[in-house]
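Containing mmCIF, C-alpha atoms: upload-v6.cif.
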data_start
#
loop_
_atom_site.label_atom_id
_atom_site.label_comp_id
_atom_site.auth_asym_id
_atom_site.auth_seq_id
_atom_site.Cartn_x
_atom_site.Cartn_y
_atom_site.Cartn_z
CA MET A 94 16.47 -11.64 33.08
CA ASN A 95 13.67 -12.39 35.52
CA TYR A 96 12.96 -9.11 37.31
CA GLY A 97 10.19 -10.55 39.44
CA SER A 98 12.40 -11.46 42.37
CA LEU A 99 14.34 -8.17 42.48
CA ILE A 100 13.50 -5.49 44.96
CA SER A 101 13.28 -1.94 43.73
CA ALA A 102 16.83 -0.91 44.85
CA ASP A 103 18.39 -3.47 42.53
CA LEU A 104 15.93 -2.92 39.76
CA ALA A 105 17.44 0.15 38.14
CA GLU A 106 20.88 -1.44 38.07
CA ALA A 107 19.53 -4.70 36.68
CA VAL A 108 17.59 -2.93 33.93
CA GLN A 109 20.65 -0.86 33.01
CA MET A 110 22.89 -3.94 32.87
CA ASP A 111 20.34 -5.69 30.71
CA ARG A 112 20.24 -2.74 28.32
CA ASP A 113 24.05 -2.60 28.11
CA ASP A 114 24.10 -6.29 27.28
CA ASP A 115 21.44 -5.65 24.70
CA SER A 116 23.41 -2.90 22.97
CA ARG A 117 26.55 -5.06 22.90
CA MET A 118 24.51 -7.97 21.61
CA ARG A 119 22.91 -5.74 18.97
CA GLU A 120 26.28 -4.87 17.46
CA GLY A 121 27.26 -8.52 17.23
CA MET A 122 23.83 -9.49 16.02
CA SER A 123 23.90 -6.87 13.35
CA LEU A 124 27.03 -8.32 11.79
CA GLU A 125 25.79 -11.86 12.15
CA ALA A 126 22.36 -10.93 10.81
CA ARG A 127 23.87 -9.51 7.64
CA SER A 128 25.72 -12.69 6.80
CA LEU A 129 22.65 -14.72 7.75
CA VAL A 130 20.47 -12.64 5.44
CA LEU A 131 22.85 -13.34 2.56
CA ARG A 132 22.88 -17.05 3.32
CA ALA A 133 19.12 -17.25 3.80
CA ARG A 134 18.59 -15.41 0.55
CA ALA A 135 20.64 -18.10 -1.18
CA GLY A 136 18.21 -20.68 0.18
CA ASP A 137 19.98 -21.73 3.37
CA CYS A 138 17.14 -22.80 5.66
CA GLU A 139 19.38 -23.06 8.71
CA ALA A 140 20.49 -19.46 8.27
CA PHE A 141 16.87 -18.34 8.22
CA GLU A 142 16.15 -20.36 11.35
CA ARG A 143 19.11 -18.70 13.05
CA LEU A 144 17.80 -15.30 11.96
CA MET A 145 14.49 -16.09 13.63
CA ILE A 146 16.20 -17.19 16.83
CA LEU A 147 18.20 -13.93 16.89
CA HIS A 148 15.12 -11.76 16.53
CA ARG A 149 12.28 -13.75 18.05
CA ARG A 150 12.55 -12.06 21.43
CA GLN A 151 12.37 -8.66 19.80
CA VAL A 152 9.41 -9.56 17.58
CA LEU A 153 7.40 -11.66 20.01
CA GLY A 154 8.15 -9.36 22.98
CA THR A 155 6.96 -6.29 21.09
CA ALA A 156 3.89 -8.06 19.76
CA VAL A 157 2.81 -9.34 23.16
CA ARG A 158 3.09 -5.85 24.68
CA ILE A 159 0.98 -4.36 21.91
CA LEU A 160 -1.57 -7.16 21.51
CA HIS A 161 -1.58 -8.30 25.14
CA ARG A 162 -2.52 -11.93 24.48
CA PRO A 163 0.37 -14.35 23.94
CA GLU A 164 -1.70 -16.33 21.40
CA ASP A 165 -2.30 -13.25 19.27
CA ALA A 166 1.33 -12.23 19.67
CA LYS A 167 2.48 -15.62 18.41
CA ASP A 168 0.25 -15.29 15.35
CA ALA A 169 1.64 -11.81 14.72
CA ALA A 170 5.23 -13.01 15.13
CA GLN A 171 4.60 -15.85 12.70
CA GLU A 172 3.26 -13.35 10.17
CA VAL A 173 6.28 -11.10 10.68
CA PHE A 174 8.76 -13.91 10.07
CA LEU A 175 6.85 -15.09 7.00
CA LYS A 176 7.07 -11.55 5.67
CA LEU A 177 10.79 -11.59 6.40
CA TYR A 178 11.12 -14.79 4.40
CA ARG A 179 9.06 -13.37 1.55
CA TYR A 180 10.99 -10.09 1.43
CA LEU A 181 14.48 -11.54 1.92
CA PRO A 182 15.45 -10.95 -1.72
CA ARG A 183 14.49 -7.27 -1.41
CA ILE A 184 16.28 -6.56 1.86
CA ARG A 185 19.63 -4.89 1.30
CA ALA A 186 22.52 -6.82 2.76
CA ASP A 187 23.97 -3.72 4.41
CA ALA A 188 20.62 -2.61 5.85
CA GLU A 189 19.77 -2.99 9.52
CA LEU A 190 17.26 -5.76 10.05
CA ARG A 191 16.12 -4.72 13.53
CA PRO A 192 14.32 -1.48 12.59
CA TRP A 193 12.72 -3.22 9.62
CA LEU A 194 11.45 -6.01 11.88
CA TYR A 195 10.12 -3.52 14.43
CA ARG A 196 8.28 -1.65 11.71
CA VAL A 197 6.76 -4.82 10.27
CA THR A 198 5.81 -6.02 13.76
CA VAL A 199 4.03 -2.76 14.53
CA ASN A 200 2.19 -2.88 11.20
CA VAL A 201 1.15 -6.50 11.62
CA CYS A 202 -0.05 -5.79 15.18
CA HIS A 203 -2.00 -2.80 13.93
CA ASP A 204 -3.71 -4.96 11.30
CA MET A 205 -4.46 -7.66 13.86
CA MET A 206 -5.89 -5.17 16.33
CA ARG A 207 -8.20 -3.85 13.65
CA LYS A 208 -9.34 -7.40 12.91
CA ILE A 209 -9.85 -8.60 16.46
CA GLY A 210 -10.93 -5.21 17.83
CA ARG A 211 -10.48 -4.09 21.39
CA PHE A 212 -10.55 -6.66 24.13
CA LEU A 213 -10.48 -6.71 27.87
CA PRO A 214 -7.08 -7.21 29.43
CA ALA A 215 -6.53 -10.66 30.82
CA PRO A 216 -4.19 -11.21 33.77
CA LEU A 217 -0.83 -12.67 32.86
CA GLU A 218 -0.86 -15.05 35.80
CA ASN A 219 -2.77 -15.68 38.96
CA HIS A 220 -1.10 -13.16 41.26
CA ALA A 221 -3.52 -13.52 44.16
CA ASP A 222 -2.74 -17.21 44.64
CA GLU A 223 0.97 -16.60 44.26
CA ARG A 224 0.91 -13.74 46.76
CA GLU A 225 -0.86 -15.93 49.32
CA ARG A 226 1.59 -18.77 48.84
CA ILE A 227 4.78 -16.65 49.02
CA SER A 228 3.76 -14.45 51.97
CA SER A 229 2.86 -17.46 54.09
CA ALA A 230 6.07 -19.30 53.22
CA GLU A 231 8.74 -16.60 53.30
CA PRO A 232 8.90 -13.59 55.57
CA GLY A 233 10.09 -10.22 54.12
CA ILE A 234 9.03 -11.03 50.65
CA GLU A 235 6.52 -8.22 50.61
CA ALA A 236 8.73 -6.01 48.41
CA VAL A 237 8.77 -8.63 45.70
CA LEU A 238 5.01 -8.89 45.78
CA VAL A 239 4.65 -5.11 45.63
CA MET A 240 6.86 -5.10 42.56
CA GLN A 241 4.85 -7.85 40.93
CA ASP A 242 1.65 -5.97 41.67
CA ARG A 243 3.10 -2.88 40.08
CA ARG A 244 4.12 -4.74 36.94
CA ARG A 245 0.69 -6.29 36.65
CA ILE A 246 -0.98 -2.91 36.98
CA LEU A 247 1.41 -1.43 34.43
CA HIS A 248 0.59 -4.27 32.09
CA GLU A 249 -3.11 -3.53 32.41
CA ALA A 250 -2.51 0.20 32.06
CA LEU A 251 -0.71 -0.37 28.76
CA GLN A 252 -3.85 -1.88 27.31
CA THR A 253 -5.84 1.26 28.00
CA LEU A 254 -3.61 3.39 25.78
CA PRO A 255 -4.44 4.37 22.20
CA PHE A 256 -2.49 2.36 19.64
CA LYS A 257 0.00 5.06 18.63
CA GLU A 258 0.84 6.06 22.19
CA LYS A 259 1.15 2.44 23.23
CA THR A 260 3.45 1.63 20.33
CA ALA A 261 5.65 4.63 21.00
CA LEU A 262 5.87 3.77 24.70
CA VAL A 263 6.59 0.09 24.07
CA LEU A 264 9.44 0.94 21.72
CA ARG A 265 10.82 3.75 23.85
CA ASP A 266 10.44 2.49 27.43
CA ILE A 267 10.15 -1.28 27.14
CA GLU A 268 12.34 -2.03 24.12
CA GLY A 269 14.71 0.76 25.17
CA LEU A 270 15.05 2.42 21.77
CA SER A 271 15.97 6.08 21.46
CA THR A 272 13.39 8.70 20.52
CA GLU A 273 14.94 9.05 17.07
CA GLU A 274 14.94 5.29 16.45
CA THR A 275 11.31 5.09 17.57
CA ALA A 276 10.38 7.96 15.27
CA HIS A 277 12.16 6.28 12.36
CA ILE A 278 10.34 2.98 12.96
CA LEU A 279 6.94 4.62 13.31
CA GLY A 280 7.53 6.89 10.33
CA SER A 281 7.07 9.91 12.53
CA THR A 282 9.09 12.79 13.93
CA ALA A 283 11.01 12.89 17.20
CA ALA A 284 8.77 15.70 18.46
CA THR A 285 5.64 13.63 17.80
CA VAL A 286 7.14 10.62 19.54
CA ARG A 287 8.09 12.75 22.56
CA SER A 288 4.54 14.05 22.76
CA GLN A 289 3.05 10.55 22.43
CA VAL A 290 5.42 9.10 25.03
CA ALA A 291 4.74 11.91 27.52
CA SER A 292 1.00 11.51 27.09
CA ALA A 293 1.27 7.73 27.51
CA ARG A 294 3.38 8.05 30.68
CA ILE A 295 0.84 10.45 32.20
CA ARG A 296 -2.06 8.14 31.40
CA ILE A 297 -0.24 5.18 32.92
CA ARG A 298 0.64 7.13 36.03
CA ARG A 299 -2.99 8.13 36.52
CA TYR A 300 -4.19 4.57 35.91
CA CYS A 301 -1.73 3.26 38.51
CA ASP A 302 -2.79 5.96 40.99
CA ARG A 303 -6.44 5.01 40.58
CA ARG A 304 -5.72 1.30 41.02
CA LEU A 305 -3.51 1.80 44.07
CA ARG A 306 -6.03 4.18 45.67
CA ARG A 307 -8.78 1.62 45.14
CA LYS A 308 -6.69 -1.08 46.83
CA LYS A 309 -6.04 1.08 49.87
CA MET B 3 10.02 29.34 38.55
CA LYS B 4 6.73 29.95 40.23
CA GLY B 5 4.13 27.24 40.85
CA HIS B 6 4.84 23.68 39.66
CA ILE B 7 6.28 22.09 36.53
CA VAL B 8 3.83 21.00 33.89
CA GLU B 9 3.28 17.25 34.28
CA GLU B 10 4.14 16.58 30.68
CA GLU B 11 7.62 17.96 31.24
CA ILE B 12 8.09 15.79 34.31
CA ALA B 13 7.02 12.77 32.25
CA LEU B 14 9.61 13.69 29.62
CA LEU B 15 12.27 14.37 32.23
CA ALA B 16 11.76 10.87 33.65
CA GLY B 17 12.94 9.42 30.35
CA ASP B 18 15.61 12.06 29.63
CA ASP B 19 13.56 13.22 26.67
CA ILE B 20 14.09 16.92 27.30
CA GLU B 21 16.67 19.46 26.12
CA ALA B 22 19.66 20.10 28.36
CA ALA B 23 18.91 23.80 28.95
CA ARG B 24 15.32 23.15 29.95
CA ARG B 25 16.38 20.20 32.04
CA ALA B 26 18.72 22.42 34.09
CA GLU B 27 15.87 24.85 34.76
CA LEU B 28 13.57 22.06 35.88
CA GLU B 29 16.18 20.52 38.16
CA LEU B 30 16.76 23.92 39.73
CA HIS B 31 13.07 24.18 40.47
CA MET B 32 12.89 20.66 41.85
CA SER B 33 15.70 21.32 44.30
CA ASN B 34 13.20 23.53 46.17
CA CYS B 35 9.91 21.76 45.34
CA GLN B 36 9.14 18.49 47.09
CA ALA B 37 5.88 17.87 45.20
CA CYS B 38 7.53 18.00 41.77
CA THR B 39 10.45 15.87 42.98
CA SER B 40 8.19 13.13 44.30
CA LEU B 41 6.13 13.17 41.09
CA LEU B 42 9.32 12.82 39.05
CA GLU B 43 10.36 9.93 41.30
CA SER B 44 7.09 8.10 40.73
CA TYR B 45 7.45 8.54 36.95
CA ARG B 46 10.97 7.12 37.11
CA GLU B 47 9.75 4.12 39.08
CA ASP B 48 7.03 3.52 36.53
CA ARG B 49 9.57 3.66 33.76
CA GLN B 50 11.90 1.20 35.48
CA ALA B 51 9.04 -1.17 36.17
CA MET B 52 7.93 -0.80 32.58
CA ALA B 53 11.34 -1.93 31.33
CA THR B 54 10.92 -5.18 33.28
CA LEU B 55 7.84 -6.02 31.26
CA ARG B 56 10.01 -6.87 28.29
CA GLY B 57 9.29 -10.46 27.34
CA ASP B 58 6.99 -10.84 30.36
CA GLY B 59 4.27 -13.46 29.98
CA LEU B 60 6.21 -15.45 27.41
CA ARG B 61 7.86 -18.78 27.93
CA ALA B 62 10.64 -20.51 26.04
CA ALA B 63 8.04 -22.81 24.52
CA ASP B 64 6.26 -19.80 23.01
CA TYR B 65 9.42 -18.68 21.22
CA ALA B 66 10.09 -22.19 20.00
CA SER B 67 6.55 -22.69 18.74
CA VAL B 68 6.75 -19.54 16.62
CA GLY B 69 9.92 -20.76 14.91
CA GLU B 70 8.44 -24.19 14.27
CA SER B 71 5.19 -22.85 12.87
CA VAL B 72 7.04 -20.46 10.55
CA LEU B 73 9.27 -23.20 9.19
CA ALA B 74 6.27 -25.49 8.73
CA ALA B 75 4.41 -22.75 6.87
CA ILE B 76 7.40 -22.16 4.60
CA LYS B 77 7.65 -25.87 3.80
CA GLU B 78 3.96 -25.94 2.94
CA GLY B 79 4.42 -22.87 0.78
CA ILE B 80 2.03 -20.77 2.87
CA GLY B 81 2.82 -17.10 2.91
CA THR B 82 5.46 -17.31 0.23
CA ALA B 83 5.06 -15.51 -3.03
CA ARG B 84 4.04 -17.66 -6.00
CA ARG B 85 7.12 -18.25 -8.04
CA ILE B 86 7.18 -18.90 -11.76
CA PRO B 87 8.65 -22.34 -12.52
CA ALA B 88 12.16 -22.04 -13.92
CA ILE B 89 11.14 -23.68 -17.19
CA TRP B 90 8.76 -20.82 -18.00
CA VAL B 91 11.40 -18.13 -17.70
CA PRO B 92 12.97 -18.66 -21.20
CA LEU B 93 9.68 -19.89 -22.66
CA ARG B 94 7.80 -16.72 -21.83
CA TRP B 95 10.05 -14.78 -24.24
CA VAL B 96 9.32 -17.34 -26.96
CA ALA B 97 5.61 -16.96 -26.28
CA LEU B 98 5.91 -13.18 -26.45
CA ALA B 99 7.79 -13.35 -29.79
CA ALA B 100 5.18 -15.74 -31.22
CA ALA B 101 2.36 -13.41 -30.16
CA VAL B 102 4.06 -10.45 -31.86
CA LEU B 103 4.60 -12.49 -35.05
CA ILE B 104 0.97 -13.59 -35.19
CA ALA B 105 -0.24 -10.03 -34.63
CA ALA B 106 2.03 -8.72 -37.44
CA THR B 107 0.83 -11.43 -39.88
CA ILE B 108 -2.80 -10.66 -39.17
CA GLY B 109 -2.12 -6.96 -39.64
CA ILE B 110 -0.42 -7.41 -43.02
CA TRP B 111 -3.14 -9.78 -44.27
CA TRP B 112 -5.84 -7.35 -43.22
CA MET B 113 -4.11 -4.42 -44.95
CA LYS B 114 -3.80 -6.37 -48.20
CA ASN B 115 -7.37 -7.64 -48.25
CA SER B 116 -9.27 -4.73 -46.91
CA LYS B 117 -11.40 -2.77 -49.43
CA PRO B 118 -11.27 1.00 -49.59
CA VAL B 119 -13.81 2.65 -47.48
CA PRO B 120 -16.58 4.23 -49.59
CA VAL B 121 -16.74 7.97 -49.42
CA ALA B 122 -19.92 9.18 -47.96
CA ALA B 123 -21.78 11.75 -50.01
CA VAL B 124 -23.74 14.54 -48.55
CA PRO B 125 -27.39 13.59 -48.73
CA ALA B 126 -29.51 16.08 -50.57
CA PRO B 127 -33.23 16.34 -50.81
CA LYS B 128 -34.61 14.90 -54.01
CA ASP B 129 -36.39 18.01 -55.18
CA GLN B 130 -33.56 20.37 -54.44
CA VAL B 131 -30.90 18.76 -56.58
CA ARG B 132 -29.99 20.91 -59.50
CA VAL B 133 -27.78 19.62 -62.14
CA ALA B 134 -25.69 21.80 -64.28
CA ALA B 135 -23.85 20.28 -67.07
CA ALA B 136 -21.16 22.13 -68.82
CA LYS B 137 -18.80 21.26 -71.50
CA LEU B 138 -15.20 21.52 -70.74
CA PRO B 139 -13.50 24.43 -72.41
CA GLY B 140 -12.86 23.66 -76.04
CA ALA B 141 -15.47 20.93 -76.28
CA PRO B 142 -18.72 21.49 -78.16
CA VAL B 143 -21.67 21.79 -75.87
CA ARG B 144 -25.30 21.92 -76.51
CA GLN B 145 -27.29 22.50 -73.50
CA GLU B 146 -30.92 23.27 -73.35
CA ALA B 147 -31.54 25.69 -70.65
CA GLY B 148 -34.41 25.18 -68.33
CA ARG B 149 -34.68 21.48 -68.82
CA SER B 150 -34.54 18.96 -66.13
CA PRO B 151 -31.97 16.19 -66.18
CA THR B 152 -34.63 13.85 -67.42
CA ALA B 153 -35.40 16.19 -70.24
CA LEU B 154 -31.75 16.39 -71.06
CA LYS B 155 -31.58 12.65 -71.16
CA SER B 156 -34.51 12.28 -73.56
CA SER B 157 -33.64 15.01 -75.94
CA LYS B 158 -32.88 13.88 -79.45
CA ALA B 159 -30.20 16.06 -80.81
CA PRO B 160 -29.48 15.97 -84.56
CA ASP B 161 -25.88 16.57 -83.80
CA ALA B 162 -23.84 13.54 -82.93
CA GLN B 163 -21.73 15.53 -80.55
CA VAL B 164 -24.30 15.59 -77.87
CA GLU B 165 -23.50 14.97 -74.39
CA ARG B 166 -25.86 12.99 -72.43
CA ALA B 167 -25.85 12.53 -68.87
CA GLN B 168 -28.27 11.30 -66.44
CA VAL B 169 -28.35 12.04 -62.86
CA ARG B 170 -30.68 9.95 -60.92
CA PRO B 171 -31.97 11.55 -57.82
CA ARG B 172 -31.06 9.76 -54.63
CA LYS B 173 -33.58 7.35 -53.34
CA THR B 174 -35.12 8.02 -50.01
CA GLU B 175 -33.96 5.96 -47.09
CA SER B 176 -37.01 3.72 -47.22
CA GLU B 177 -36.31 2.90 -50.84
CA THR B 178 -32.72 1.91 -50.29
CA SER B 179 -31.52 -1.32 -48.80
CA PRO B 180 -31.10 -1.63 -45.04
CA HIS B 181 -27.38 -1.37 -45.53
CA ALA B 182 -27.57 1.85 -47.49
CA THR B 183 -24.72 4.16 -46.72
CA GLY B 184 -26.25 7.30 -48.07
CA ILE B 185 -24.10 7.33 -51.22
CA VAL B 186 -25.85 8.91 -54.15
CA PRO B 187 -25.59 6.69 -57.21
CA ILE B 188 -24.77 8.85 -60.15
CA LEU B 189 -24.82 6.55 -63.15
CA PRO B 190 -26.01 6.99 -66.69
CA ALA B 191 -28.64 4.53 -67.86
CA PRO B 192 -26.74 1.76 -69.68
CA ALA B 193 -29.28 1.54 -72.48
CA GLU B 194 -29.20 5.21 -73.22
CA ARG B 195 -25.50 5.77 -72.88
CA ALA B 196 -24.35 8.07 -75.62
CA PRO B 197 -22.09 6.42 -78.14
CA VAL B 198 -19.70 9.32 -78.03
CA LEU B 199 -19.15 11.63 -75.16
CA ASP B 200 -16.77 14.43 -74.74
CA ASP B 201 -15.30 15.52 -71.47
CA VAL B 202 -18.12 16.52 -69.28
CA VAL B 203 -18.31 18.18 -65.96
CA ILE B 204 -21.42 17.78 -63.96
CA LYS B 205 -21.77 20.06 -61.09
CA MET B 206 -24.39 19.27 -58.43
CA GLU B 207 -25.46 21.86 -55.99
CA THR B 208 -27.04 20.74 -52.82
CA ALA B 209 -29.20 22.47 -50.29
CA ASP B 210 -26.05 23.33 -48.41
CA PRO B 211 -24.32 26.12 -50.34
CA ASN B 212 -20.98 24.96 -48.98
CA VAL B 213 -21.29 21.52 -50.55
CA ILE B 214 -20.96 21.12 -54.28
CA ILE B 215 -20.55 17.74 -55.91
CA ILE B 216 -18.55 17.75 -59.12
CA TRP B 217 -18.51 14.74 -61.44
CA LEU B 218 -15.86 14.66 -64.14
CA SER B 219 -16.61 12.37 -67.01
CA SER B 220 -14.09 11.44 -69.65
CA PRO B 221 -15.33 9.33 -72.60
CA ARG B 222 -13.51 6.26 -73.79
CA GLY B 223 -14.31 3.10 -75.65
CA GLU B 224 -15.46 2.32 -79.17
CA GLY B 225 -17.09 5.65 -79.83
CA ARG B 226 -13.88 7.52 -79.20
#
This entry written out as structure tokens:
Amino acid sequence: MNYGSLISADLAEAVQMDRDDDSRMREGMSLEARSLVLRARAGDCEAFERLMILHRRQVLGTAVRILHRPEDAKDAAQEVFLKLYRYLPRIRADAELRPWLYRVTVNVCHDMMRKIGRFLPAPLENHADERERISSAEPGIEAVLVMQDRRRILHEALQTLPFKEKTALVLRDIEGLSTEETAHILGSTAATVRSQVASARIRIRRYCDRRLRRKK
Amino acid sequence: MKGHIVEEEIALLAGDDIEAARRAELELHMSNCQACTSLLESYREDRQAMATLRGDGLRAADYASVGESVLAAIKEGIGTARRIPAIWVPLRWVALAAAVLIAATIGIWWMKNSKPVPVAAVPAPKDQVRVAAAKLPGAPVRQEAGRSPTALKSSKAPDAQVERAQVRPRKTESETSPHATGIVPILPAPAERAPVLDDVVIKMETADPNVIIIWLSSPRGEGR
């Protein structure tokens, strides 16, 4: 769903609906993924392609939030799916593929971040031009622009977080996983994840405050 | 509750990451505290806005390109584990069996053809070797006390039942061949071998009191 055009009153409802859809989809996907894993293991290329389609949003979405650059995220996603292909014979048919993919994605992103090092955040899109264009064309669109500004600042704030806090926050708040699921994926405890998530939320809040104060 | 809630707890409360009992306490406090309530509200807004970032900045073409590049890499064999060709699977057992057979054959051949390892003797200084010859019980012995082995060798006994033995002192290392193993040759001189010899025991004492070399000699041949 494109949240960019929603004003804040509708946002909570839209996010909740999206998450409900996700959980329903996950159940269906889980069953489908199991049969696809079996078929792909037997050498069915179409089944593997379908597996990638089912999970590409999860893998690429997580990678882009952690690595920031879409190009790096695409490289990471490619590596993750190649690992999936390589490890297909070892994956149990009754095992959940989603947590495994999250874990591999996080590990691959961690390796890539170590290779490429830290980098300056780049804007996702040219918001200044867009803001100018929309505000002159449509009256009352200010709320949308405020929301877009907020998302852009949040996106930048994410890049300032340490890797572990960022990963925990991405899985918990963006991917919508529970604390226990996040802890399982990160090989950590729920208490540690709670601490990391709280620290990350505070840092982001302070970053947003600083940016908004500077604008005013 | 006096004062304000710790910010970390508000951050946890925004994501429902706090225990129910503690949550009730915090909500009770916030019903009377505007500052904490507005802080909690801002955290909740952040969290909602954060959820909208999912998949942000990616286009359908990005998803498609990942799938295509992965399939292309698989076709090229990049990133896949090297697999053993199917033909080698049965053949590797044959190769293993052949290797074991060859190793066993070499082992047996070596065991059959190998010579016994010579026993190393304790080296003794030349001047400290004392030879004591003694006749075995029941055998006639004539031994001249106080004579050196050389003297024993050269003595001309009227009796035919004379034992003769010669012990040659070990050569020094410089006199021996480069491959000398330190074995003391204890051989009677062929020319002066006694025609008849009874059982003889030659006992050699070395500088080390713990080491005694005993040579048992039993005569045989024409003179017997």
Would you list the contacts of Phe174 (chain A) as a PDB file with C-alpha atoms, keeping the file's coordinate frame, taking every protein, DNA or RNA residue within 9 Å and counting only C-alpha atoms, but skipping same-chain residues closer than 2 positions in sequence?
ATOM      1  CA  MET A 145      14.490 -16.090  13.630  1.00  0.00           C
ATOM      2  CA  ARG A 149      12.280 -13.750  18.050  1.00  0.00           C
ATOM      3  CA  VAL A 152       9.410  -9.560  17.580  1.00  0.00           C
ATOM      4  CA  ALA A 169       1.640 -11.810  14.720  1.00  0.00           C
ATOM      5  CA  ALA A 170       5.230 -13.010  15.130  1.00  0.00           C
ATOM      6  CA  GLN A 171       4.600 -15.850  12.700  1.00  0.00           C
ATOM      7  CA  GLU A 172       3.260 -13.350  10.170  1.00  0.00           C
ATOM      8  CA  LYS A 176       7.070 -11.550   5.670  1.00  0.00           C
ATOM      9  CA  LEU A 177      10.790 -11.590   6.400  1.00  0.00           C
ATOM     10  CA  TYR A 178      11.120 -14.790   4.400  1.00  0.00           C
ATOM     11  CA  ARG A 179       9.060 -13.370   1.550  1.00  0.00           C
ATOM     12  CA  LEU A 194      11.450  -6.010  11.880  1.00  0.00           C
TER      13      LEU A 194
ATOM     14  CA  VAL B  68       6.750 -19.540  16.620  1.00  0.00           C
ATOM     15  CA  GLY B  69       9.920 -20.760  14.910  1.00  0.00           C
ATOM     16  CA  VAL B  72       7.040 -20.460  10.550  1.00  0.00           C
TER      17      VAL B  72
END
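If you measure from each of B:Leu30, B:Ile204, B:Met52, B:Leu93 to chain A using all atoms listed in the file, the closest one turns out to be B:Met52.
The shortest atom-to-atom distance to chain A, with all atoms listed in the file taken into account, belongs to B:Leu15 out of B:Ala97, B:Ala23, B:Leu15, B:Leu28.
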**Report entry** Expansion of the PyMOL selection byres ((chain B) within 10 of (chain A)) into residues, as a PyMOL selection string
**Finding:** chain B and resi 9-20+41+44-62+64-73+75-76+80-83
Query raised in the report: For the file shown, what are the residues hit by the PyMOL selection byres ((chain B and resi 38) around 10), laid out as a VMD selection string?
Result: chain B and resid 5 to 9 12 28 to 29 31 to 37 39 to 44
Where's the centre, and what are the edge lengths in Å to one decimal, of a box along x, y and z enclosing all listed atoms of region 209-224 of chain B padded 8 Å per side, as AutoDock Vina command-line options?
--center_x -21.4 --center_y 14.2 --center_z -63.8 --size_x 31.7 --size_y 39.8 --size_z 46.8
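Selection by the PyMOL selection byres ((chain A and resi 277) around 12) on the present file picks out A:Arg191, A:Pro192, A:Trp193, A:Tyr195, A:Arg196, A:Ala261, A:Leu264, A:Arg265, A:Leu270, A:Ser271, A:Thr272, A:Glu273, A:Glu274, A:Thr275, A:Ala276, A:Ile278, A:Leu279, A:Gly280, A:Ser281, A:Thr282, A:Ala283, A:Ala284, A:Thr285, A:Val286.
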